[in-house]
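Below is one structure, written out as structure tokens, with a few remarks after it.
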Amino acid sequence: MTASALTRPGQRERLSEKIGELDWKLASLLAFVAGMGALMLYSIAGGSWDPWAGAHLTRFCIFFVMMLGLALIDLRVWFAAAYPIYAAALLLLLAVEAVGEVRMGARRWLDLGFTSLQPSEIMKIGVVLALARWYHGATAQEARFHWKLIVPAAMVGVPVLLVAHQPDLGTAILVAITGGSIMFMAGLSWKIIVGLGAAGLAALPPFITFVLHDYQRQRIMTFLNPEADPSGSGYHIIQAKTAIGSGGLLGKGYGLGSQSQLDFLPEKQTDFILATVGEEFGFVGTFAVLLVMGLVVASTLRIASLSHSHFGRLGAAGVIATFASYVVINGAMVMGLAPVVGVPQPLLSYGGTVMLSLMIGFGLVMGVRVHRYQELPSGRGQLI
Amino acid sequence: MSEPAIFFTDVNERQGGFLRRSFMLGGLTAVGITALVGRLAQLQVIQANRYSTLSAQNQFNFRLIPPPRGRILDRNGVVLAGNRPSFRLLVVRDETKDLDATLNYVERLLPETADRRRRLIREITQSPRFAPVPVATDLTWEQFAKINLHVTDMPGVMADMHEARFYPFSGAFAHVIGYVAKVTDRDIEKTKAAGEEPDPMLFHPGFRVGKQGIEKALDKELRGQPGGQKVEVDVKGRVVGEDVEGSRPPVPGKDVVLTLDADVQNRALEVFGEESGAAVVMDIRNGDILCMVSAPSFDANAFVGGVPSKTYKLLSEYERKPLFDKALSGTYPPGSTFKMITGLAALEAGINPKRRVTCTGSWYFGRAFRCWKAGGHGSVDLHDAIKGSCDSYFYQVALEIGPDKIATVARAFGLGQEFDIGIGGQKTGVVPDRAWKEAYFKKRQPDNPGQWKWWPGESPSYGIGQGYLNVNPLQLCVMTARLANMKKAIQPRLIKSVGGVERPSGAAAPDMPFSLERLALVRGGMAAVANDVTGTAYRNSQLGLGPIKMAGKTGTAQSRDYKPGESRGPRNAEWSKRDHAWFVAFAPYDDPRYAITVLVQHAPAGGSADAAPRARDIMKVVLLKDPELRARIEQPYPQGAEPTAPPPDAPIEEPDVFRTAAPSPADAPAPDPAQGRPT
């Protein structure tokens, strides 16, 4: 079972050993981002823990402990649970389609009585696990160019369509990017990538014209020309850019951002929190936050590459692909490089569900690191 | 690193592929983040100046200017609800460094704010950070000037002038017009529950919404459209300039004109004195309500700034209920004023008006039904029975024709009906018949089927306007107006016009299904009540206005059941146990124009002594304000009949309320020596 000559049999199964293997560097990077989020939330609430900063920090602490707990779970458990979790998430998505609660015009929430749930967030984890599980059992050739690729494609495509139908374009794009990155990481042939890319570009104009909702189309038009309606739909982009730009090199100072403090900036606690960072801490502060985000991606990719199991590699890679797309898409949106889609800045923005799914993901990443020597059955009766 | 390195020469092709691709993913992320950093540098380093300017421009505030609320006028243009300028002092929580210190400073300038300190702190801390909260209103010019001198020393304090709602007649219109008061959270929730976006004005400090009466019913029309003022503010929020181009003026709310007449209304409240009751006057030709008053009343102005809880408690606990609109929301047994309906119902049922009934003072049907006149009226026909208000007559005809026929006529005259007069709060009361009784008691006494049926013994009381019957004063006035009109089922109208758009007249109503002969018989009885020396209200309904005569009917209605043998003497009884006094009348008798209903709740004496003189006094004002009638009253005496000693001053008691009225032809000083001479 064990692959290293340096450990005694069973040594790696011990809890104390596992705890020692936890990646504290990654954990502290995550804590830094969440702490920065709480700091900004405290500032924009006018120097108050209410209503966001306190809840943000409390949630992060709970989820942080949960992440460490998940990291200690044997990779074989994740492996065995991969398809069931995916199936459960799919069922929940279908349930939302049938009986979901409509909030702010979109059917995204499932009321469980005690709490409400956004199944699309669970699906982000489900897609990662299921694809990693499937590619674990596939050969290199199958992953590259094979008719069997229909299976992972469907695994991604079905939930993407369901989420997009809610409509939650932001999450749908993220699920698609997550699935796509795993397929890419597993070794998808360049021919397919280029072909799909070309087809996608060709299909974009009709998609925008016929499939998108009016408000989604409006956002794209606004992005292309925000000044057309500065007090209406272009307001978000202009105000966010103004907030960031007015921050300058060193920022206006903590708690002194007039854009965010004076309520000029919309959604400042969720999607546009990076603009507050930009305004109050300037180029230096925002650069630091983006740098930490980049370090999180780099450490996770290293963890992925060190795993002995293909499932572990692809699982960690899938999680970090989601994280990286959050960072880049949100950043681009806030800085006026992309249309406004509802994508928050991971761990920085206020919002429990996104944080939960991300922290579960990082639980898997850290678990991959703790169990990096763990080998899993391939499904063909052989290990690895 | 403690881990052994992974080599690219690993035999596993999948792992090698993954590693290459993971470098690509990492690279892609790096490119993305680099792009973001590049953009960041562009925004924050290269274009920083441009965006700083933009950010400063954001300091241009768009200030909401609340529109002046529409006025409420009477039929002659007298302002019943207007706006007056008021200086006030506001505190913005976010701009104060230390709220306690600020309030201390304010207290030194305005000592009276010290009493409200705790409430003020609560209000200020609970409102949005940037919303100015009014701390003191109705400041004098001296106080306002003093504060303006000190404003620079007190961050977060500002003084401004705004328009406050003002009711010049305080009490007289309090029930009809209602009042405006602070916007509460419940108002906002209600707007949201109705699926509407709450008006941003609702969050404006000092903005008021209508809470009662016309102010509430026509709140939207009175409110108007807010204007905007684009002002430049510095970092501390102080106004440093105004952008005239970007500002737009507010659109004032629409003026509402009521059919009420301020003189009549004021006089009506005046005549009640300490008594509790209601008076309604209608123009019987078009249904215009000239007066609708409920006494005692309250000062609506006290509610605009927020009524102190002590005052409110006193008002709400006083047994004569000043806050309650007795004219619309109070229902009472009409007593003898109902006898016209019973009489008409009897005629409709085929009873000969000449039929005579002998009244001995009481009449037996299962039990003794007593007539109010102890010795009895002797032999009476319909005319005499109305004139003398003979109970025995109506006991017997009511028993004969039964409740359903009475109810049909009563409803045709508006009793038990709700009228579309534009304000809420009307209570319909009860006009009972067999179907009503069955439905009512089936619900209330399901196990007592014996009580569902209409018992013959219940009809006699119905005939004299007692029993289950309950009506409000407006309904009785409509009844009188329709009796006087003889033809049309006149609808009451309270709102004359809104924003210059006339509301439909109450005369556009269908004809009533009663023959003129029969109505004339009943009206003849009413004329005799007021003008025949043996009528119940002869003495108290003499107008003293020359040829103008009134026709009416008194009523003394039991407000509770008397125990057998209990003394009815109302004078000594406790207030809440006394009878109600009614008087319904119309004038002039020969060419009816105005109908009046007066209720004196728990009156010391009765309909003829308490209600009739009040009705007469109100009616005098009404008649004298009608230019045509005034001309008739003031017409010169026929030749050769010059008055021997014309009094130098107008002998007619002219109510001093005339002074408050806007000039109108009726008020033109025309001292005619013949004025008011009894003929």
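Note on naming: chains are A, B, ... as they come in the structure tokens, residues start from 1 per chain, ligands start from 1 in the order shown.
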- Using backbone DSSP assignments, extract all strand (DSSP E) residues from stretch 49-166 of chain A; output them as a PyMOL selection string. chain A and resi 101-103+106-111+116-117
- For A:Glu280: contacts at 12 Å, only C-alpha atoms, fewer than 5 positions along chain excluded, given as a ChimeraX atom specification: /A:39-41,43-44,243-261,273-275,285-286 /B:44
Within 10 Å of A:Leu358 using only C-alpha atoms, minus same-chain residues under 2 positions, as a PDB file with C-alpha atoms, in the first residue's frame:
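New file selection09.pdb:
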ATOM      1  CA  PHE A  63     -15.510  26.461   8.044  1.00  0.00           C
ATOM      2  CA  MET A  67     -11.739  22.185   6.386  1.00  0.00           C
ATOM      3  CA  GLU A 121     -22.866  25.476  -4.943  1.00  0.00           C
ATOM      4  CA  ILE A 122     -22.840  21.795  -3.940  1.00  0.00           C
ATOM      5  CA  LYS A 124     -19.280  22.741  -7.853  1.00  0.00           C
ATOM      6  CA  ILE A 125     -17.819  20.130  -5.489  1.00  0.00           C
ATOM      7  CA  VAL A 319     -10.901  22.998  -6.816  1.00  0.00           C
ATOM      8  CA  ILE A 320      -8.144  25.433  -7.626  1.00  0.00           C
ATOM      9  CA  THR A 322     -12.726  27.137  -9.574  1.00  0.00           C
ATOM     10  CA  PHE A 323     -10.860  29.352  -7.141  1.00  0.00           C
ATOM     11  CA  PRO A 346     -13.476  34.014  -2.954  1.00  0.00           C
ATOM     12  CA  LEU A 347     -13.245  34.292   0.858  1.00  0.00           C
ATOM     13  CA  GLY A 352     -21.917  31.980   3.318  1.00  0.00           C
ATOM     14  CA  THR A 353     -22.750  29.484   0.613  1.00  0.00           C
ATOM     15  CA  VAL A 354     -19.826  30.311  -1.644  1.00  0.00           C
ATOM     16  CA  MET A 355     -17.486  30.254   1.316  1.00  0.00           C
ATOM     17  CA  LEU A 356     -18.822  26.868   2.417  1.00  0.00           C
ATOM     18  CA  ILE A 360     -15.104  22.071   1.453  1.00  0.00           C
ATOM     19  CA  GLY A 361     -13.003  22.214  -1.704  1.00  0.00           C
ATOM     20  CA  PHE A 362      -9.918  23.292   0.230  1.00  0.00           C
ATOM     21  CA  GLY A 363     -10.679  20.476   2.674  1.00  0.00           C
ATOM     22  CA  LEU A 364     -10.298  18.138  -0.265  1.00  0.00           C
TER      23      LEU A 364
END
Residues of chain B within 6 Å of chain A, counting only C-alpha atoms, as a PDB file with N, CA and C atoms, in the first residue's frame:
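For reference, iface.pdb as written:
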ATOM      1  N   ARG B  14      -0.166   9.485 -17.738  1.00  0.00           N
ATOM      2  CA  ARG B  14      -1.195  10.414 -17.272  1.00  0.00           C
ATOM      3  C   ARG B  14      -0.624  11.476 -16.345  1.00  0.00           C
ATOM      4  N   GLY B  17       1.338  14.005 -18.305  1.00  0.00           N
ATOM      5  CA  GLY B  17       0.405  14.923 -18.976  1.00  0.00           C
ATOM      6  C   GLY B  17      -0.176  15.918 -17.983  1.00  0.00           C
ATOM      7  N   PHE B  18      -0.548  15.420 -16.802  1.00  0.00           N
ATOM      8  CA  PHE B  18      -1.144  16.299 -15.796  1.00  0.00           C
ATOM      9  C   PHE B  18      -0.170  17.408 -15.403  1.00  0.00           C
ATOM     10  N   ARG B  21       0.088  19.994 -18.038  1.00  0.00           N
ATOM     11  CA  ARG B  21      -1.132  20.807 -18.056  1.00  0.00           C
ATOM     12  C   ARG B  21      -1.252  21.680 -16.799  1.00  0.00           C
ATOM     13  N   GLY B  32      -3.727  35.729 -15.948  1.00  0.00           N
ATOM     14  CA  GLY B  32      -4.945  36.425 -15.531  1.00  0.00           C
ATOM     15  C   GLY B  32      -4.650  37.434 -14.438  1.00  0.00           C
ATOM     16  N   LEU B  43      -5.405  51.843 -13.665  1.00  0.00           N
ATOM     17  CA  LEU B  43      -6.422  52.633 -12.970  1.00  0.00           C
ATOM     18  C   LEU B  43      -5.832  53.451 -11.842  1.00  0.00           C
ATOM     19  N   GLN B  44      -4.965  52.793 -11.061  1.00  0.00           N
ATOM     20  CA  GLN B  44      -4.565  53.423  -9.802  1.00  0.00           C
ATOM     21  C   GLN B  44      -3.294  54.236  -9.901  1.00  0.00           C
ATOM     22  N   VAL B  45      -2.479  53.922 -10.887  1.00  0.00           N
ATOM     23  CA  VAL B  45      -1.232  54.679 -10.962  1.00  0.00           C
ATOM     24  C   VAL B  45      -1.286  55.673 -12.112  1.00  0.00           C
ATOM     25  N   ALA B  48      -4.853  57.633 -11.960  1.00  0.00           N
ATOM     26  CA  ALA B  48      -5.301  57.928 -10.595  1.00  0.00           C
ATOM     27  C   ALA B  48      -5.916  59.314 -10.471  1.00  0.00           C
ATOM     28  N   TYR B  51      -9.480  59.574 -11.795  1.00  0.00           N
ATOM     29  CA  TYR B  51     -10.499  58.958 -10.955  1.00  0.00           C
ATOM     30  C   TYR B  51     -10.657  59.678  -9.622  1.00  0.00           C
ATOM     31  N   SER B  52      -9.585  60.309  -9.156  1.00  0.00           N
ATOM     32  CA  SER B  52      -9.747  61.095  -7.924  1.00  0.00           C
ATOM     33  C   SER B  52     -10.733  62.218  -8.167  1.00  0.00           C
ATOM     34  N   SER B  55     -14.135  60.802  -8.280  1.00  0.00           N
ATOM     35  CA  SER B  55     -14.587  60.481  -6.936  1.00  0.00           C
ATOM     36  C   SER B  55     -15.041  61.736  -6.212  1.00  0.00           C
TER      37      SER B  55
END
- Item | Contacts of A:Gly20 at 12 Å (only C-alpha atoms; same-chain gap of 6+ positions) as a list in words | Gln11, Arg12, Glu13, Arg14, Leu68, Ala71, Leu72, Met366, Arg369, Val370 and His371 of chain A
Emit the selected residues as a short mmCIF file (atom, residue, chain, number, x, y, z; two decimals), in the first residue's frame, including N, CA and C atoms.
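Listed below is the output, selection-v1.cif:
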data_model
loop_
_atom_site.label_atom_id
_atom_site.label_comp_id
_atom_site.auth_asym_id
_atom_site.auth_seq_id
_atom_site.Cartn_x
_atom_site.Cartn_y
_atom_site.Cartn_z
N GLN A 11 2.00 3.92 9.68
CA GLN A 11 2.36 5.19 10.33
C GLN A 11 1.53 6.33 9.79
N ARG A 12 1.27 6.31 8.47
CA ARG A 12 0.55 7.44 7.87
C ARG A 12 -0.93 7.45 8.22
N GLU A 13 -1.41 6.31 8.75
CA GLU A 13 -2.81 6.26 9.12
C GLU A 13 -3.07 6.93 10.46
N ARG A 14 -1.98 7.20 11.19
CA ARG A 14 -2.16 7.75 12.53
C ARG A 14 -2.59 9.21 12.47
N LEU A 68 -10.12 21.62 8.12
CA LEU A 68 -9.07 20.79 8.71
C LEU A 68 -9.59 19.39 8.98
N ALA A 71 -9.75 17.48 5.84
CA ALA A 71 -8.42 17.14 5.35
C ALA A 71 -7.94 15.82 5.94
N LEU A 72 -8.48 15.45 7.10
CA LEU A 72 -8.04 14.22 7.75
C LEU A 72 -8.79 13.00 7.25
N MET A 366 -6.44 19.93 0.95
CA MET A 366 -5.54 19.62 2.04
C MET A 366 -5.52 18.13 2.32
N ARG A 369 -3.18 16.57 0.05
CA ARG A 369 -1.80 16.77 0.50
C ARG A 369 -1.47 15.78 1.63
N VAL A 370 -2.39 15.66 2.62
CA VAL A 370 -2.14 14.77 3.75
C VAL A 370 -2.01 13.33 3.26
N HIS A 371 -2.86 12.97 2.30
CA HIS A 371 -2.87 11.58 1.83
C HIS A 371 -2.18 11.48 0.48
#
Enumerate as a compact mmCIF listing (two decimals) with N, CA and C atoms, in the first residue's frame all residues of stretch 125-272 of chain A assigned to alpha helix (DSSP H) by DSSP on the backbone, naming them with the chain letters and numbers the document uses.
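What follows is the written file part.txt:
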# COMPACT_ATOMS: atom_id res chain seq x y z
N ILE A 125 -18.61 21.22 -6.07
CA ILE A 125 -17.82 20.13 -5.49
C ILE A 125 -18.14 18.82 -6.21
N GLY A 126 -19.45 18.61 -6.47
CA GLY A 126 -19.88 17.35 -7.10
C GLY A 126 -19.19 17.14 -8.44
N VAL A 127 -19.11 18.18 -9.25
CA VAL A 127 -18.49 18.05 -10.58
C VAL A 127 -17.01 17.70 -10.44
N VAL A 128 -16.33 18.37 -9.50
CA VAL A 128 -14.91 18.10 -9.30
C VAL A 128 -14.70 16.64 -8.94
N LEU A 129 -15.47 16.17 -7.94
CA LEU A 129 -15.30 14.79 -7.46
C LEU A 129 -15.62 13.78 -8.56
N ALA A 130 -16.76 13.99 -9.23
CA ALA A 130 -17.21 13.00 -10.20
C ALA A 130 -16.23 12.92 -11.37
N LEU A 131 -15.77 14.07 -11.87
CA LEU A 131 -14.84 14.04 -13.00
C LEU A 131 -13.52 13.41 -12.60
N ALA A 132 -13.02 13.79 -11.40
CA ALA A 132 -11.77 13.21 -10.93
C ALA A 132 -11.90 11.69 -10.83
N ARG A 133 -13.06 11.27 -10.32
CA ARG A 133 -13.32 9.85 -10.18
C ARG A 133 -13.32 9.17 -11.54
N TRP A 134 -13.97 9.80 -12.51
CA TRP A 134 -14.09 9.17 -13.83
C TRP A 134 -12.72 9.08 -14.51
N TYR A 135 -11.96 10.18 -14.48
CA TYR A 135 -10.65 10.19 -15.13
C TYR A 135 -9.67 9.28 -14.42
N HIS A 136 -9.91 9.07 -13.12
CA HIS A 136 -9.03 8.15 -12.40
C HIS A 136 -9.08 6.77 -13.03
N ALA A 140 -4.88 7.21 -20.48
CA ALA A 140 -4.41 8.48 -21.03
C ALA A 140 -5.06 8.73 -22.38
N GLN A 141 -5.17 7.65 -23.19
CA GLN A 141 -5.75 7.81 -24.52
C GLN A 141 -7.22 8.22 -24.43
N GLU A 142 -7.94 7.56 -23.47
CA GLU A 142 -9.36 7.88 -23.29
C GLU A 142 -9.54 9.33 -22.87
N ALA A 143 -8.61 9.82 -22.06
CA ALA A 143 -8.72 11.19 -21.61
C ALA A 143 -8.40 12.16 -22.73
N ARG A 144 -7.57 11.70 -23.68
CA ARG A 144 -7.11 12.62 -24.72
C ARG A 144 -8.15 12.78 -25.81
N ILE A 150 -17.69 11.51 -23.98
CA ILE A 150 -19.08 11.95 -23.84
C ILE A 150 -19.51 11.93 -22.38
N VAL A 151 -19.01 10.92 -21.63
CA VAL A 151 -19.45 10.79 -20.23
C VAL A 151 -19.05 12.01 -19.39
N PRO A 152 -17.75 12.36 -19.32
CA PRO A 152 -17.44 13.57 -18.54
C PRO A 152 -18.10 14.83 -19.10
N ALA A 153 -18.20 14.89 -20.42
CA ALA A 153 -18.83 16.07 -21.01
C ALA A 153 -20.26 16.21 -20.52
N ALA A 154 -20.97 15.06 -20.46
CA ALA A 154 -22.35 15.11 -19.97
C ALA A 154 -22.38 15.46 -18.49
N MET A 155 -21.40 14.89 -17.74
CA MET A 155 -21.34 15.18 -16.30
C MET A 155 -21.25 16.69 -16.05
N VAL A 156 -20.56 17.39 -16.95
CA VAL A 156 -20.44 18.83 -16.78
C VAL A 156 -21.65 19.53 -17.39
N GLY A 157 -22.00 19.06 -18.60
CA GLY A 157 -23.02 19.78 -19.37
C GLY A 157 -24.38 19.82 -18.70
N VAL A 158 -24.82 18.68 -18.16
CA VAL A 158 -26.18 18.64 -17.58
C VAL A 158 -26.33 19.66 -16.44
N PRO A 159 -25.45 19.61 -15.41
CA PRO A 159 -25.62 20.63 -14.35
C PRO A 159 -25.45 22.05 -14.85
N VAL A 160 -24.56 22.27 -15.82
CA VAL A 160 -24.38 23.63 -16.32
C VAL A 160 -25.70 24.14 -16.90
N LEU A 161 -26.35 23.29 -17.71
CA LEU A 161 -27.60 23.72 -18.31
C LEU A 161 -28.65 23.97 -17.23
N LEU A 162 -28.69 23.08 -16.23
CA LEU A 162 -29.69 23.26 -15.16
C LEU A 162 -29.46 24.57 -14.42
N VAL A 163 -28.19 24.85 -14.09
CA VAL A 163 -27.90 26.08 -13.34
C VAL A 163 -28.18 27.30 -14.20
N ALA A 164 -27.81 27.21 -15.48
CA ALA A 164 -28.03 28.35 -16.36
C ALA A 164 -29.52 28.62 -16.51
N HIS A 165 -30.32 27.57 -16.37
CA HIS A 165 -31.76 27.74 -16.55
C HIS A 165 -32.42 28.43 -15.37
N LEU A 169 -26.21 32.68 -14.39
CA LEU A 169 -25.18 32.57 -15.42
C LEU A 169 -23.79 32.50 -14.79
N GLY A 170 -23.56 33.27 -13.73
CA GLY A 170 -22.24 33.29 -13.10
C GLY A 170 -21.83 31.92 -12.63
N THR A 171 -22.72 31.26 -11.87
CA THR A 171 -22.39 29.93 -11.36
C THR A 171 -22.28 28.92 -12.49
N ALA A 172 -23.15 29.05 -13.49
CA ALA A 172 -23.09 28.11 -14.61
C ALA A 172 -21.74 28.21 -15.30
N ILE A 173 -21.27 29.43 -15.50
CA ILE A 173 -19.96 29.61 -16.15
C ILE A 173 -18.88 28.98 -15.27
N LEU A 174 -18.99 29.18 -13.95
CA LEU A 174 -17.98 28.62 -13.06
C LEU A 174 -17.97 27.11 -13.08
N VAL A 175 -19.16 26.50 -13.07
CA VAL A 175 -19.22 25.03 -13.12
C VAL A 175 -18.62 24.56 -14.43
N ALA A 176 -18.94 25.24 -15.50
CA ALA A 176 -18.40 24.87 -16.81
C ALA A 176 -16.88 25.00 -16.82
N ILE A 177 -16.37 26.10 -16.25
CA ILE A 177 -14.92 26.29 -16.23
C ILE A 177 -14.25 25.21 -15.38
N THR A 178 -14.87 24.90 -14.23
CA THR A 178 -14.33 23.85 -13.36
C THR A 178 -14.22 22.53 -14.11
N GLY A 179 -15.36 22.13 -14.71
CA GLY A 179 -15.38 20.86 -15.44
C GLY A 179 -14.39 20.90 -16.59
N GLY A 180 -14.40 22.00 -17.32
CA GLY A 180 -13.51 22.13 -18.47
C GLY A 180 -12.05 22.05 -18.04
N SER A 181 -11.71 22.70 -16.91
CA SER A 181 -10.31 22.65 -16.48
C SER A 181 -9.90 21.24 -16.11
N ILE A 182 -10.82 20.50 -15.47
CA ILE A 182 -10.44 19.13 -15.12
C ILE A 182 -10.21 18.31 -16.39
N MET A 183 -11.09 18.48 -17.36
CA MET A 183 -10.91 17.75 -18.62
C MET A 183 -9.58 18.15 -19.27
N PHE A 184 -9.29 19.44 -19.19
CA PHE A 184 -8.03 19.95 -19.75
C PHE A 184 -6.84 19.37 -19.01
N MET A 185 -6.92 19.39 -17.67
CA MET A 185 -5.82 18.88 -16.86
C MET A 185 -5.62 17.39 -17.07
N TRP A 190 -5.60 18.81 -27.82
CA TRP A 190 -5.64 20.20 -28.27
C TRP A 190 -6.61 20.38 -29.42
N LYS A 191 -6.73 19.26 -30.25
CA LYS A 191 -7.64 19.37 -31.39
C LYS A 191 -9.05 19.70 -30.90
N ILE A 192 -9.46 18.97 -29.85
CA ILE A 192 -10.82 19.20 -29.33
C ILE A 192 -10.91 20.60 -28.74
N ILE A 193 -9.87 20.99 -27.99
CA ILE A 193 -9.91 22.31 -27.35
C ILE A 193 -10.05 23.40 -28.38
N VAL A 194 -9.20 23.35 -29.41
CA VAL A 194 -9.25 24.38 -30.44
C VAL A 194 -10.59 24.34 -31.17
N GLY A 195 -11.02 23.11 -31.48
CA GLY A 195 -12.30 22.96 -32.21
C GLY A 195 -13.46 23.56 -31.42
N LEU A 196 -13.52 23.20 -30.13
CA LEU A 196 -14.62 23.71 -29.30
C LEU A 196 -14.54 25.21 -29.15
N GLY A 197 -13.30 25.68 -29.00
CA GLY A 197 -13.12 27.12 -28.87
C GLY A 197 -13.65 27.86 -30.08
N ALA A 198 -13.30 27.36 -31.26
CA ALA A 198 -13.76 28.00 -32.50
C ALA A 198 -15.28 27.95 -32.58
N ALA A 199 -15.84 26.75 -32.27
CA ALA A 199 -17.30 26.60 -32.33
C ALA A 199 -17.97 27.56 -31.34
N GLY A 200 -17.36 27.67 -30.16
CA GLY A 200 -17.93 28.55 -29.15
C GLY A 200 -17.96 29.99 -29.61
N LEU A 201 -16.85 30.44 -30.20
CA LEU A 201 -16.79 31.82 -30.69
C LEU A 201 -17.86 32.05 -31.76
N ALA A 202 -18.02 31.03 -32.62
CA ALA A 202 -19.01 31.17 -33.69
C ALA A 202 -20.42 31.24 -33.11
N ALA A 203 -20.62 30.51 -32.00
CA ALA A 203 -21.99 30.43 -31.45
C ALA A 203 -22.31 31.60 -30.53
N LEU A 204 -21.31 32.40 -30.21
CA LEU A 204 -21.52 33.45 -29.21
C LEU A 204 -22.59 34.47 -29.62
N PRO A 205 -22.50 35.05 -30.82
CA PRO A 205 -23.52 36.08 -31.16
C PRO A 205 -24.95 35.54 -31.10
N PRO A 206 -25.25 34.38 -31.72
CA PRO A 206 -26.63 33.90 -31.59
C PRO A 206 -27.01 33.59 -30.15
N ASP A 214 -32.91 39.22 -20.76
CA ASP A 214 -32.75 40.63 -21.07
C ASP A 214 -31.73 41.30 -20.17
N TYR A 215 -31.82 40.98 -18.85
CA TYR A 215 -30.92 41.67 -17.93
C TYR A 215 -29.48 41.24 -18.16
N GLN A 216 -29.29 39.97 -18.59
CA GLN A 216 -27.94 39.49 -18.86
C GLN A 216 -27.38 40.18 -20.10
N ARG A 217 -28.24 40.32 -21.10
CA ARG A 217 -27.82 40.99 -22.32
C ARG A 217 -27.48 42.46 -22.00
N GLN A 218 -28.34 43.02 -21.18
CA GLN A 218 -28.14 44.42 -20.77
C GLN A 218 -26.77 44.61 -20.13
N ARG A 219 -26.38 43.63 -19.30
CA ARG A 219 -25.09 43.74 -18.62
C ARG A 219 -23.95 43.74 -19.61
N ILE A 220 -24.09 42.91 -20.66
CA ILE A 220 -23.01 42.85 -21.64
C ILE A 220 -22.94 44.16 -22.41
N MET A 221 -24.10 44.66 -22.81
CA MET A 221 -24.11 45.93 -23.53
C MET A 221 -23.53 47.04 -22.64
N THR A 222 -23.88 46.98 -21.37
CA THR A 222 -23.39 47.98 -20.43
C THR A 222 -21.87 47.91 -20.32
N PHE A 223 -21.38 46.68 -20.31
CA PHE A 223 -19.93 46.51 -20.18
C PHE A 223 -19.23 47.14 -21.38
N LEU A 224 -19.83 46.92 -22.55
CA LEU A 224 -19.19 47.44 -23.74
C LEU A 224 -19.23 48.97 -23.75
N TYR A 235 -23.95 52.06 -13.88
CA TYR A 235 -23.58 52.64 -12.60
C TYR A 235 -22.55 51.79 -11.85
N HIS A 236 -22.81 50.49 -11.79
CA HIS A 236 -21.92 49.58 -11.05
C HIS A 236 -20.49 49.73 -11.53
N ILE A 237 -20.32 49.59 -12.84
CA ILE A 237 -18.96 49.56 -13.39
C ILE A 237 -18.27 50.90 -13.16
N ILE A 238 -18.98 51.98 -13.44
CA ILE A 238 -18.36 53.30 -13.31
C ILE A 238 -17.96 53.56 -11.87
N GLN A 239 -18.88 53.25 -10.95
CA GLN A 239 -18.58 53.52 -9.54
C GLN A 239 -17.43 52.66 -9.04
N ALA A 240 -17.39 51.39 -9.48
CA ALA A 240 -16.32 50.51 -9.03
C ALA A 240 -14.98 51.01 -9.56
N LYS A 241 -14.95 51.38 -10.84
CA LYS A 241 -13.71 51.88 -11.43
C LYS A 241 -13.27 53.16 -10.73
N THR A 242 -14.24 54.00 -10.44
CA THR A 242 -13.92 55.26 -9.76
C THR A 242 -13.34 54.97 -8.38
N ALA A 243 -13.95 54.02 -7.68
CA ALA A 243 -13.45 53.69 -6.34
C ALA A 243 -12.01 53.22 -6.42
N ILE A 244 -11.76 52.29 -7.34
CA ILE A 244 -10.40 51.74 -7.43
C ILE A 244 -9.42 52.83 -7.85
N GLY A 245 -9.79 53.54 -8.92
CA GLY A 245 -8.88 54.54 -9.46
C GLY A 245 -8.56 55.62 -8.46
N SER A 246 -9.56 56.04 -7.69
CA SER A 246 -9.31 57.14 -6.76
C SER A 246 -8.45 56.70 -5.59
N GLY A 247 -8.28 55.38 -5.43
CA GLY A 247 -7.43 54.89 -4.35
C GLY A 247 -5.97 55.25 -4.56
N SER A 258 -14.29 57.16 0.47
CA SER A 258 -15.57 57.87 0.41
C SER A 258 -16.55 57.15 -0.50
N GLN A 259 -16.03 56.52 -1.55
CA GLN A 259 -16.92 55.81 -2.46
C GLN A 259 -17.68 54.71 -1.72
N SER A 260 -16.94 53.90 -1.00
CA SER A 260 -17.58 52.77 -0.31
C SER A 260 -18.34 53.27 0.91
N GLN A 261 -17.73 54.21 1.63
CA GLN A 261 -18.37 54.67 2.86
C GLN A 261 -19.65 55.43 2.58
- Grab the atom CA of B:Leu80 to atom CA of B:Asn286 distance for me, in Å with one decimal place. 22.1 Å
- Item | For B:Gln225, the nearest of the candidates B:Lys254, B:Arg630, B:Lys146, B:Arg285, counting only C-alpha atoms |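 Among the listed residues, B:Lys254 lies closest to B:Gln225.
Close contacts of B:Ser170, defined as residues with an atom at most 12 Å away when counting only C-alpha atoms, with chain neighbours fewer than 4 positions off set aside, comprise B:Val79, B:Leu80, B:Ala81, B:Gly82, B:Arg165, B:Phe166, B:Ala174, B:His175, B:Val176, B:Ile177, B:Gly178, B:Tyr179, B:Ala262, B:Gln265, B:Asn266, B:Leu269, B:Ser297, B:Phe298, B:Asp299, B:Ala300, B:Asn301, B:Ala302, B:Phe303, B:Val304.
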